[in-house]
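Participant: My structure file query.pdb, PDB, C-alpha atoms, is below:
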```pdb
ATOM      1  CA  MET X  54      23.442  33.418  40.431
ATOM      2  CA  ALA X  55      25.133  34.135  37.117
ATOM      3  CA  SER X  56      27.010  30.847  37.217
ATOM      4  CA  GLY X  57      23.772  28.998  37.975
ATOM      5  CA  LEU X  58      22.095  30.665  35.003
ATOM      6  CA  VAL X  59      25.008  29.767  32.742
ATOM      7  CA  ALA X  60      24.840  26.151  33.926
ATOM      8  CA  LEU X  61      21.103  26.072  33.268
ATOM      9  CA  LEU X  62      21.616  27.470  29.770
ATOM     10  CA  ASP X  63      24.304  24.841  29.152
ATOM     11  CA  ASP X  64      21.872  22.105  30.223
ATOM     12  CA  VAL X  65      19.166  23.523  27.940
ATOM     13  CA  ALA X  66      21.625  23.665  25.041
ATOM     14  CA  ALA X  67      22.690  20.057  25.694
ATOM     15  CA  ILE X  68      19.055  18.912  25.798
ATOM     16  CA  ALA X  69      18.360  20.816  22.564
ATOM     17  CA  LYS X  70      21.306  19.088  20.882
ATOM     18  CA  VAL X  71      20.042  15.663  22.001
ATOM     19  CA  ALA X  72      16.527  16.513  20.778
ATOM     20  CA  ALA X  73      17.859  17.736  17.424
ATOM     21  CA  SER X  74      19.967  14.593  17.075
ATOM     22  CA  SER X  75      16.925  12.451  17.884
ATOM     23  CA  LEU X  76      14.838  14.330  15.312
ATOM     24  CA  ASP X  77      17.562  13.757  12.722
ATOM     25  CA  ASP X  78      17.573  10.047  13.592
ATOM     26  CA  VAL X  79      13.790   9.876  13.321
ATOM     27  CA  SER X  80      13.656  11.717   9.996
ATOM     28  CA  ALA X  81      16.466   9.601   8.532
ATOM     29  CA  ALA X  82      14.861   6.378   9.771
ATOM     30  CA  ALA X  83      11.429   7.445   8.518
ATOM     31  CA  GLY X  84      12.864   8.330   5.110
ATOM     32  CA  LYS X  85      14.622   4.973   4.800
ATOM     33  CA  ALA X  86      11.561   3.055   5.975
ATOM     34  CA  GLY X  87       9.160   4.987   3.739
ATOM     35  CA  THR X  88      11.334   4.408   0.668
ATOM     36  CA  LYS X  89      11.267   0.630   1.195
ATOM     37  CA  ALA X  90       7.468   0.657   1.581
ATOM     38  CA  VAL X  91       6.796   2.611  -1.617
ATOM     39  CA  GLY X  92       5.724  -0.483  -3.588
ATOM     40  CA  VAL X  93       2.894  -1.274  -1.186
ATOM     41  CA  VAL X  94       1.908   2.421  -1.219
ATOM     42  CA  VAL X  95       1.435   2.231  -5.000
ATOM     43  CA  ASP X  96      -0.702  -0.861  -4.486
ATOM     44  CA  ASP X  97      -2.779   0.849  -1.771
ATOM     45  CA  THR X  98      -3.327   3.956  -3.915
ATOM     46  CA  ALA X  99      -4.359   1.898  -6.937
ATOM     47  CA  VAL X 100      -6.729  -0.426  -5.071
ATOM     48  CA  THR X 101      -8.617   2.031  -2.824
ATOM     49  CA  PRO X 102     -10.485   4.207  -5.420
ATOM     50  CA  SER X 103     -12.647   1.220  -6.435
ATOM     51  CA  TYR X 104     -14.230   1.248  -2.964
ATOM     52  CA  ALA X 105     -15.438   4.856  -3.325
ATOM     53  CA  THR X 106     -16.771   4.719  -6.894
ATOM     54  CA  GLY X 107     -20.363   3.972  -7.863
ATOM     55  CA  PHE X 108     -21.888   6.293  -5.244
ATOM     56  CA  THR X 109     -23.504   9.708  -5.590
ATOM     57  CA  PRO X 110     -20.929  12.537  -5.687
ATOM     58  CA  ASP X 111     -21.904  13.821  -2.231
ATOM     59  CA  ARG X 112     -20.940  10.457  -0.646
ATOM     60  CA  GLU X 113     -17.552   9.935  -2.304
ATOM     61  CA  LEU X 114     -15.419  12.154  -0.058
ATOM     62  CA  PRO X 115     -17.175  11.045   3.178
ATOM     63  CA  ILE X 116     -16.438   7.435   2.192
ATOM     64  CA  VAL X 117     -12.749   8.241   1.570
ATOM     65  CA  TRP X 118     -12.678  10.038   4.937
ATOM     66  CA  LYS X 119     -14.157   7.010   6.736
ATOM     67  CA  ILE X 120     -11.616   4.706   5.095
ATOM     68  CA  SER X 121      -8.727   7.037   5.978
ATOM     69  CA  LEU X 122      -9.840   7.156   9.629
ATOM     70  CA  GLY X 123     -10.033   3.345   9.616
ATOM     71  CA  SER X 124      -6.525   3.257   8.136
ATOM     72  CA  LEU X 125      -5.162   5.503  10.911
ATOM     73  CA  ARG X 126      -6.901   3.319  13.496
ATOM     74  CA  ASN X 127      -5.319   0.219  11.926
ATOM     75  CA  LYS X 128      -1.856   1.751  12.025
ATOM     76  CA  PHE X 129      -1.825   3.477  15.409
ATOM     77  CA  LEU X 130      -4.040   1.255  17.576
ATOM     78  CA  PHE X 131      -3.035  -2.186  16.290
ATOM     79  CA  LEU X 132      -0.024  -2.267  13.991
ATOM     80  CA  LEU X 133       2.332   0.228  15.646
ATOM     81  CA  PRO X 134       2.105  -1.347  19.147
ATOM     82  CA  GLY X 135       2.343  -4.809  17.594
ATOM     83  CA  ALA X 136       5.427  -3.825  15.586
ATOM     84  CA  LEU X 137       7.169  -2.417  18.664
ATOM     85  CA  LEU X 138       6.403  -5.571  20.646
ATOM     86  CA  LEU X 139       7.864  -7.650  17.819
ATOM     87  CA  SER X 140      10.958  -5.473  17.686
ATOM     88  CA  ALA X 141      11.449  -5.698  21.451
ATOM     89  CA  PHE X 142      10.728  -9.388  22.031
ATOM     90  CA  ALA X 143      10.736 -11.265  18.700
ATOM     91  CA  PRO X 144      12.737  -9.448  15.987
ATOM     92  CA  TRP X 145      13.324 -12.814  14.288
ATOM     93  CA  ALA X 146       9.581 -12.924  13.444
ATOM     94  CA  VAL X 147       9.636  -9.828  11.193
ATOM     95  CA  THR X 148      10.874 -11.655   8.072
ATOM     96  CA  PRO X 149       8.414 -14.601   8.348
ATOM     97  CA  ILE X 150       5.529 -12.156   8.869
ATOM     98  CA  LEU X 151       6.675 -10.178   5.832
ATOM     99  CA  MET X 152       6.764 -13.373   3.765
ATOM    100  CA  LEU X 153       3.267 -14.359   4.930
ATOM    101  CA  GLY X 154       2.039 -10.921   3.951
ATOM    102  CA  GLY X 155       3.775 -11.192   0.580
ATOM    103  CA  THR X 156       2.076 -14.549   0.013
ATOM    104  CA  TYR X 157      -1.293 -12.999   0.869
ATOM    105  CA  LEU X 158      -0.738 -10.128  -1.588
ATOM    106  CA  ALA X 159       0.196 -12.604  -4.315
ATOM    107  CA  PHE X 160      -2.890 -14.686  -3.463
ATOM    108  CA  GLU X 161      -5.139 -11.602  -3.691
ATOM    109  CA  ALA X 162      -3.686 -10.737  -7.099
ATOM    110  CA  ALA X 163      -4.142 -14.310  -8.361
ATOM    111  CA  GLU X 164      -7.758 -14.232  -7.130
ATOM    112  CA  LYS X 165      -8.402 -10.985  -9.030
ATOM    113  CA  ILE X 166      -6.941 -12.500 -12.200
ATOM    114  CA  LEU X 167      -9.108 -15.624 -11.807
ATOM    115  CA  GLU X 168     -12.196 -13.477 -11.223
ATOM    116  CA  ALA X 169     -11.444 -11.483 -14.377
ATOM    117  CA  ILE X 170     -10.997 -14.689 -16.403
ATOM    118  CA  ARG X 171     -14.217 -16.194 -15.035
ATOM    119  CA  HIS X 172     -16.137 -12.871 -15.227
ATOM    120  CA  GLU X 173     -17.174 -13.254 -11.581
ATOM    121  CA  ASP X 174     -17.430  -9.473 -11.165
ATOM    122  CA  THR X 175     -20.889  -9.621 -12.770
ATOM    123  CA  ALA X 176     -22.145 -11.777  -9.895
ATOM    124  CA  ASP X 177     -20.621  -9.345  -7.396
ATOM    125  CA  GLU X 178     -22.441  -6.436  -9.058
ATOM    126  CA  ALA X 179     -25.751  -8.317  -8.790
ATOM    127  CA  ASP X 180     -25.149  -8.877  -5.077
ATOM    128  CA  GLU X 181     -24.383  -5.183  -4.607
ATOM    129  CA  LEU X 182     -27.603  -4.152  -6.370
ATOM    130  CA  ALA X 183     -29.547  -6.155  -3.787
ATOM    131  CA  LEU X 184     -28.200  -3.878  -1.019
ATOM    132  CA  GLY X 185     -29.482  -0.438  -0.116
ATOM    133  CA  SER X 186     -27.098   2.504  -0.534
ATOM    134  CA  ALA X 187     -26.393   2.758   3.224
ATOM    135  CA  GLU X 188     -25.736  -0.992   3.490
ATOM    136  CA  LEU X 189     -23.568  -0.955   0.376
ATOM    137  CA  GLU X 190     -21.566   2.007   1.700
ATOM    138  CA  LYS X 191     -21.020   0.255   5.034
ATOM    139  CA  GLU X 192     -19.930  -2.945   3.276
ATOM    140  CA  LYS X 193     -17.564  -1.082   0.942
ATOM    141  CA  VAL X 194     -15.975   0.889   3.781
ATOM    142  CA  SER X 195     -15.538  -2.277   5.880
ATOM    143  CA  GLY X 196     -13.972  -4.091   2.908
ATOM    144  CA  ALA X 197     -11.620  -1.187   2.240
ATOM    145  CA  ILE X 198     -10.521  -1.017   5.888
ATOM    146  CA  ARG X 199      -9.875  -4.789   5.931
ATOM    147  CA  THR X 200      -7.768  -4.491   2.764
ATOM    148  CA  ASP X 201      -5.982  -1.491   4.254
ATOM    149  CA  LEU X 202      -5.175  -3.524   7.385
ATOM    150  CA  ILE X 203      -3.263  -6.056   5.272
ATOM    151  CA  LEU X 204      -1.481  -3.400   3.212
ATOM    152  CA  SER X 205      -0.746  -1.266   6.289
ATOM    153  CA  ALA X 206       0.638  -4.339   8.054
ATOM    154  CA  GLU X 207       2.982  -4.859   5.113
ATOM    155  CA  ILE X 208       4.006  -1.189   5.146
ATOM    156  CA  THR X 209       4.621  -1.343   8.910
ATOM    157  CA  ALA X 210       6.593  -4.586   8.684
ATOM    158  CA  ILE X 211       8.709  -3.293   5.785
ATOM    159  CA  ALA X 212       9.339  -0.031   7.625
ATOM    160  CA  LEU X 213      10.189  -1.911  10.826
ATOM    161  CA  SER X 214      12.712  -4.092   9.001
ATOM    162  CA  SER X 215      14.556  -0.895   8.046
ATOM    163  CA  VAL X 216      14.877   0.508  11.565
ATOM    164  CA  THR X 217      15.383  -2.539  13.803
ATOM    165  CA  ASP X 218      18.923  -1.324  14.605
ATOM    166  CA  LYS X 219      17.594   1.942  16.079
ATOM    167  CA  PRO X 220      16.516   2.592  19.697
ATOM    168  CA  LEU X 221      12.895   1.673  20.444
ATOM    169  CA  LEU X 222      11.721   5.298  20.755
ATOM    170  CA  VAL X 223      13.266   6.180  17.384
ATOM    171  CA  GLN X 224      11.566   3.124  15.868
ATOM    172  CA  ALA X 225       8.207   4.213  17.317
ATOM    173  CA  ALA X 226       8.580   7.779  16.076
ATOM    174  CA  ALA X 227       9.762   6.665  12.614
ATOM    175  CA  LEU X 228       6.868   4.209  12.210
ATOM    176  CA  ALA X 229       4.388   6.876  13.376
ATOM    177  CA  VAL X 230       5.770   9.417  10.875
ATOM    178  CA  VAL X 231       5.714   6.893   8.025
ATOM    179  CA  GLY X 232       2.181   5.762   8.911
ATOM    180  CA  LEU X 233       0.804   9.294   9.127
ATOM    181  CA  LEU X 234       2.498  10.602   5.970
ATOM    182  CA  ILE X 235       1.566   7.552   3.912
ATOM    183  CA  THR X 236      -2.071   7.705   5.056
ATOM    184  CA  VAL X 237      -2.365  11.417   4.247
ATOM    185  CA  GLY X 238      -0.617  10.960   0.908
ATOM    186  CA  VAL X 239      -2.521   7.868  -0.215
ATOM    187  CA  TYR X 240      -5.991   9.064   0.723
ATOM    188  CA  GLY X 241      -5.316  12.581  -0.527
ATOM    189  CA  VAL X 242      -4.526  11.112  -3.948
ATOM    190  CA  VAL X 243      -7.526   8.761  -3.708
ATOM    191  CA  ALA X 244      -9.851  11.698  -2.906
ATOM    192  CA  LEU X 245      -8.489  13.561  -5.945
ATOM    193  CA  ILE X 246      -9.003  10.533  -8.194
ATOM    194  CA  VAL X 247     -12.604   9.865  -7.158
ATOM    195  CA  LYS X 248     -13.523  13.551  -7.601
ATOM    196  CA  MET X 249     -11.757  13.949 -10.921
ATOM    197  CA  ASP X 250     -14.924  13.309 -12.940
ATOM    198  CA  ASP X 251     -16.762  16.013 -10.952
ATOM    199  CA  ILE X 252     -13.890  18.398 -11.629
ATOM    200  CA  GLY X 253     -14.211  17.506 -15.298
ATOM    201  CA  LEU X 254     -17.957  18.175 -15.271
ATOM    202  CA  HIS X 255     -17.350  21.578 -13.674
ATOM    203  CA  LEU X 256     -14.722  22.478 -16.284
ATOM    204  CA  ALA X 257     -16.976  21.242 -19.096
ATOM    205  CA  LYS X 258     -19.517  23.948 -18.191
ATOM    206  CA  SER X 259     -16.970  26.667 -18.925
ATOM    207  CA  GLU X 260     -17.623  28.987 -21.868
ATOM    208  CA  ARG X 261     -13.955  28.896 -22.820
ATOM    209  CA  ALA X 262     -13.526  26.317 -25.586
ATOM    210  CA  ALA X 263     -10.171  24.939 -24.344
ATOM    211  CA  THR X 264     -11.417  24.527 -20.764
ATOM    212  CA  HIS X 265     -14.653  22.946 -22.012
ATOM    213  CA  ARG X 266     -12.780  20.421 -24.160
ATOM    214  CA  PHE X 267     -10.379  19.598 -21.312
ATOM    215  CA  GLY X 268     -13.288  19.017 -18.921
ATOM    216  CA  CYS X 269     -15.094  16.740 -21.391
ATOM    217  CA  GLY X 270     -11.891  14.804 -22.010
ATOM    218  CA  LEU X 271     -11.386  14.399 -18.282
ATOM    219  CA  VAL X 272     -14.893  12.971 -17.832
ATOM    220  CA  ARG X 273     -14.416  10.530 -20.707
ATOM    221  CA  ALA X 274     -10.969   9.494 -19.472
ATOM    222  CA  MET X 275     -11.910   8.657 -15.872
ATOM    223  CA  PRO X 276     -13.499   5.211 -16.523
ATOM    224  CA  VAL X 277     -10.350   4.258 -18.447
ATOM    225  CA  VAL X 278      -8.129   5.617 -15.664
ATOM    226  CA  LEU X 279     -10.036   3.659 -12.998
ATOM    227  CA  SER X 280      -9.791   0.511 -15.111
ATOM    228  CA  TRP X 281      -6.044   1.046 -15.528
ATOM    229  CA  LEU X 282      -5.686   1.658 -11.786
ATOM    230  CA  ALA X 283      -7.365  -1.687 -11.066
ATOM    231  CA  GLY X 284      -4.856  -3.387 -13.376
ATOM    232  CA  ILE X 285      -1.934  -1.496 -11.821
ATOM    233  CA  GLY X 286      -3.141  -2.513  -8.358
ATOM    234  CA  THR X 287      -3.187  -6.185  -9.352
ATOM    235  CA  ALA X 288       0.254  -5.940 -10.954
ATOM    236  CA  ALA X 289       1.588  -4.123  -7.881
ATOM    237  CA  MET X 290       0.263  -6.883  -5.629
ATOM    238  CA  LEU X 291       2.186  -9.424  -7.712
ATOM    239  CA  TRP X 292       5.519  -7.636  -7.873
ATOM    240  CA  VAL X 293       5.412  -6.352  -4.293
ATOM    241  CA  GLY X 294       4.353  -9.740  -2.913
ATOM    242  CA  GLY X 295       6.896 -11.572  -5.059
ATOM    243  CA  GLY X 296       9.604  -9.052  -4.155
ATOM    244  CA  ILE X 297       8.970  -9.560  -0.444
ATOM    245  CA  LEU X 298       9.218 -13.332  -0.945
ATOM    246  CA  LEU X 299      12.473 -12.958  -2.902
ATOM    247  CA  HIS X 300      14.032 -10.815  -0.173
ATOM    248  CA  GLY X 301      12.888 -13.358   2.404
ATOM    249  CA  LEU X 302      14.471 -16.226   0.474
ATOM    250  CA  GLU X 303      17.703 -14.226   0.194
ATOM    251  CA  HIS X 304      17.560 -13.451   3.919
ATOM    252  CA  TYR X 305      17.417 -17.179   4.701
ATOM    253  CA  HIS X 306      20.196 -17.870   2.160
ATOM    254  CA  VAL X 307      18.140 -20.295   0.080
ATOM    255  CA  PRO X 308      20.643 -21.792  -2.411
ATOM    256  CA  GLY X 309      20.612 -20.371  -5.929
ATOM    257  CA  VAL X 310      18.106 -17.546  -5.349
ATOM    258  CA  THR X 311      20.547 -14.647  -5.004
ATOM    259  CA  GLY X 312      22.729 -15.879  -7.879
ATOM    260  CA  PHE X 313      19.735 -16.370 -10.166
ATOM    261  CA  VAL X 314      18.335 -12.891  -9.470
ATOM    262  CA  HIS X 315      21.713 -11.184  -9.892
ATOM    263  CA  ALA X 316      22.449 -13.106 -13.095
ATOM    264  CA  LEU X 317      19.292 -11.628 -14.652
ATOM    265  CA  THR X 318      19.347  -8.126 -13.172
ATOM    266  CA  GLU X 319      23.062  -7.269 -13.445
ATOM    267  CA  PRO X 320      23.268  -7.166 -17.285
ATOM    268  CA  ALA X 321      20.189  -4.930 -17.416
ATOM    269  CA  ALA X 322      21.498  -2.697 -14.611
ATOM    270  CA  HIS X 323      24.717  -1.995 -16.559
ATOM    271  CA  LEU X 324      22.966  -0.732 -19.676
ATOM    272  CA  PRO X 325      23.948   2.872 -20.533
ATOM    273  CA  ILE X 326      21.544   5.648 -19.479
ATOM    274  CA  VAL X 327      18.586   3.360 -18.628
ATOM    275  CA  GLY X 328      20.547   0.882 -16.488
ATOM    276  CA  ALA X 329      18.883   1.663 -13.150
ATOM    277  CA  LEU X 330      15.392   1.568 -14.649
ATOM    278  CA  ALA X 331      16.119  -1.606 -16.638
ATOM    279  CA  GLY X 332      17.545  -3.361 -13.576
ATOM    280  CA  TRP X 333      14.502  -2.431 -11.495
ATOM    281  CA  LEU X 334      12.148  -3.540 -14.283
ATOM    282  CA  VAL X 335      13.828  -6.960 -14.586
ATOM    283  CA  PHE X 336      13.679  -7.426 -10.815
ATOM    284  CA  ALA X 337       9.993  -6.385 -10.824
ATOM    285  CA  LEU X 338       9.244  -8.927 -13.582
ATOM    286  CA  ILE X 339      11.044 -11.704 -11.692
ATOM    287  CA  SER X 340       9.148 -10.724  -8.542
ATOM    288  CA  ALA X 341       5.821 -10.665 -10.398
ATOM    289  CA  ALA X 342       6.504 -14.091 -11.897
ATOM    290  CA  LEU X 343       7.279 -15.520  -8.452
ATOM    291  CA  GLY X 344       4.210 -13.776  -7.047
ATOM    292  CA  LEU X 345       2.019 -15.259  -9.771
ATOM    293  CA  ILE X 346       3.355 -18.771  -9.120
ATOM    294  CA  VAL X 347       3.006 -18.560  -5.318
ATOM    295  CA  GLY X 348      -0.332 -16.736  -5.526
ATOM    296  CA  GLY X 349      -1.673 -19.254  -8.027
ATOM    297  CA  ILE X 350      -0.654 -22.168  -5.791
ATOM    298  CA  ALA X 351      -2.239 -20.486  -2.739
ATOM    299  CA  ALA X 352      -5.446 -19.741  -4.664
ATOM    300  CA  GLY X 353      -5.569 -23.336  -5.912
ATOM    301  CA  ILE X 354      -5.201 -24.689  -2.375
ATOM    302  CA  VAL X 355      -7.904 -22.340  -1.049
ATOM    303  CA  HIS X 356     -10.329 -23.284  -3.836
ATOM    304  CA  LEU X 357      -9.575 -26.998  -3.377
ATOM    305  CA  VAL X 358     -10.250 -26.827   0.376
ATOM    306  CA  SER X 359     -13.390 -24.772  -0.223
ATOM    307  CA  HIS X 360     -14.626 -27.263  -2.839
ATOM    308  CA  ARG X 361     -14.056 -30.257  -0.519
ATOM    309  CA  ARG X 362     -15.976 -28.533   2.253
TER     310      ARG X 362
END
```
As structure tokens, please, write out the structure in this file.
Facilitator:
Amino acid sequence: MASGLVALLDDVAAIAKVAASSLDDVSAAAGKAGTKAVGVVVDDTAVTPSYATGFTPDRELPIVWKISLGSLRNKFLFLLPGALLLSAFAPWAVTPILMLGGTYLAFEAAEKILEAIRHEDTADEADELALGSAELEKEKVSGAIRTDLILSAEITAIALSSVTDKPLLVQAAALAVVGLLITVGVYGVVALIVKMDDIGLHLAKSERAATHRFGCGLVRAMPVVLSWLAGIGTAAMLWVGGGILLHGLEHYHVPGVTGFVHALTEPAAHLPIVGALAGWLVFALISAALGLIVGGIAAGIVHLVSHRR
């Protein structure tokens, strides 16, 4: 009896050790995967607030909630199973899919730049005014979820590329953790951003002079912040998309690419004190330049085909 109990306790202890080891593997894999996907997360956080602005304050948080639910649906119903199937049956396809996604991000950024140059946003605003608030909300939420699908696919593919050497269950758990944490983090920050002007209005009603001034400053600053976020989102699309393309070219050992990148980044990376930041900045600029070139070519082809049709 006692020996049987001891054996059972030994089995439980062994199972606990395996579970703890698996949890360590999952957390390490999720951390590695999440770190690689941080660029797309910045892009996602910068782009999404524009979909929830322009509505009455009581609709802003419900809109963010709808988009976040759509994002979770994208990740867990479509992208996670698809990523695991790729990992199991076609791991060679991860890099080409990443490069296609990087091209799409660069194309989207080039389109935004062209729209800004041509002032096409005025026409978009006129179209939006023709819609009722419920129709406009539905259209904005659908557009945000479609954009999120692309960005989430990039996050999933980048995360998957970091854990392809792990067992399939560890890959699944790591991708689920990354997807959940990134969704909560991104849309938590987005909710805070879109409600910042309301927070400012509340603080502006305070009788304390310092609080009142801070609230007024917050209200005045929000349009500038949202404008800056739009610019950051476009820049992030360029450098993330271009960076993905650069890594893809290096993966396929395209002649001259690795040497060219290292020749530019290494001197900056060895600068005293700011070396790491300078090296990253040079790489981001190279990536953005490549993204702008590829995105511009893709946008030109799309517009040419559209014009001929």
Participant: Tell me which of X:Ser124, X:Ser140, X:Thr287, X:Ser103 sits closest to Gly344 of chain X, counting all atoms listed in the file.
Facilitator: X:Thr287
Participant: Applying the PyMOL selection byres ((chain X and resi 263-271) around 12) to the file I just gave you, which residues come out? Please list them as a list in words.
Facilitator: Ile246, Lys248, Met249, Asp250, Asp251, Ile252, Gly253, Leu254, His255, Leu256, Ala257, Lys258, Ser259, Glu260, Arg261, Ala262, Val272, Arg273, Ala274, Met275, Pro276, Val277 and Val278 of chain X
Participant: In Å, with one decimal, what is the gap from atom CA of Leu221 of chain X to atom CA of Leu137 of chain X?
Facilitator: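 So the two atoms, atom CA of Leu221 of chain X and atom CA of Leu137 of chain X, lie 7.3 Å apart.
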Participant: What separation in Å, quoted to one decimal, exists between atom CA of Ile203 of chain X and atom CA of Ile170 of chain X?
Facilitator: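 Interatomic distance, atom CA of Ile203 of chain X to atom CA of Ile170 of chain X: 24.6 Å.
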Participant: Can you find the residues with an atom no farther than 10 Å from (-7.6, 10.6, -2.5), counting all atoms listed in the file, and report them as number ranges by chain?
Facilitator: X: 98, 101-102, 105, 113-114, 117-118, 121, 236-249
Participant: Please, what distance in Å, to one decimal, runs between atom CA of Ile346 of chain X and atom CA of His323 of chain X?
Facilitator: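 Answer for the atom CA of Ile346 of chain X to atom CA of His323 of chain X separation: 28.2 Å.
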Participant: May I ask which of the residues X:Arg361, X:Arg126, X:Lys119, X:His356 is the closest one to Gly232 of chain X, counting all atoms listed in the file?
Facilitator: X:Arg126
Participant: Name the residues that the PyMOL selection byres ((chain X and resi 292) around 10) pulls out of this structure, and write them as a list of chain:residue names.
Facilitator: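 What the PyMOL selection byres ((chain X and resi 292) around 10) grabs from the file is X:Gly92, X:Val93, X:Asp96, X:Gly155, X:Leu158, X:Ala159, X:Ala162, X:Thr287, X:Ala288, X:Ala289, X:Met290, X:Leu291, X:Val293, X:Gly294, X:Gly295, X:Gly296, X:Ile297, X:Leu298, X:Phe336, X:Ala337, X:Leu338, X:Ile339, X:Ser340, X:Ala341, X:Ala342, X:Leu343, X:Gly344, X:Leu345.
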Participant: Pick out the closest residue to Leu302 of chain X from this set: X:Thr318, X:Thr148, X:Ser186, X:Ser214. Count all atoms listed in the file.
Facilitator: X:Thr148
Participant: Atoms are missing here; could segment 234-249 of chain X be completed with N, CA and C atoms and written as a CSV table (one decimal), in the coordinates of the input?
Facilitator:
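Dumped everything to out_11.csv:
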```csv
chain,number,residue,atom,x,y,z
X,234,LEU,N,2.2,10.0,7.3
X,234,LEU,CA,2.5,10.6,6.0
X,234,LEU,C,1.9,9.8,4.8
X,235,ILE,N,2.1,8.4,5.0
X,235,ILE,CA,1.6,7.6,3.9
X,235,ILE,C,0.0,7.6,3.9
X,236,THR,N,-0.6,7.6,5.0
X,236,THR,CA,-2.1,7.7,5.1
X,236,THR,C,-2.6,9.0,4.4
X,237,VAL,N,-2.0,10.1,4.8
X,237,VAL,CA,-2.4,11.4,4.2
X,237,VAL,C,-2.1,11.4,2.7
X,238,GLY,N,-0.9,11.0,2.3
X,238,GLY,CA,-0.6,11.0,0.9
X,238,GLY,C,-1.5,10.1,0.1
X,239,VAL,N,-1.7,8.8,0.5
X,239,VAL,CA,-2.5,7.9,-0.2
X,239,VAL,C,-4.0,8.3,-0.3
X,240,TYR,N,-4.6,8.7,0.8
X,240,TYR,CA,-6.0,9.1,0.7
X,240,TYR,C,-6.2,10.5,0.2
X,241,GLY,N,-5.2,11.3,0.2
X,241,GLY,CA,-5.3,12.6,-0.5
X,241,GLY,C,-5.4,12.3,-2.0
X,242,VAL,N,-4.5,11.5,-2.5
X,242,VAL,CA,-4.5,11.1,-3.9
X,242,VAL,C,-5.8,10.4,-4.3
X,243,VAL,N,-6.3,9.5,-3.4
X,243,VAL,CA,-7.5,8.8,-3.7
X,243,VAL,C,-8.7,9.7,-3.8
X,244,ALA,N,-8.8,10.7,-2.9
X,244,ALA,CA,-9.9,11.7,-2.9
X,244,ALA,C,-9.8,12.5,-4.2
X,245,LEU,N,-8.6,12.8,-4.7
X,245,LEU,CA,-8.5,13.6,-5.9
X,245,LEU,C,-9.0,12.7,-7.1
X,246,ILE,N,-8.6,11.4,-7.1
X,246,ILE,CA,-9.0,10.5,-8.2
X,246,ILE,C,-10.5,10.4,-8.3
X,247,VAL,N,-11.2,10.1,-7.1
X,247,VAL,CA,-12.6,9.9,-7.2
X,247,VAL,C,-13.4,11.1,-7.5
X,248,LYS,N,-12.8,12.3,-7.3
X,248,LYS,CA,-13.5,13.6,-7.6
X,248,LYS,C,-13.1,14.1,-9.0
X,249,MET,N,-12.2,13.4,-9.7
X,249,MET,CA,-11.8,13.9,-10.9
X,249,MET,C,-12.9,14.1,-12.0
```
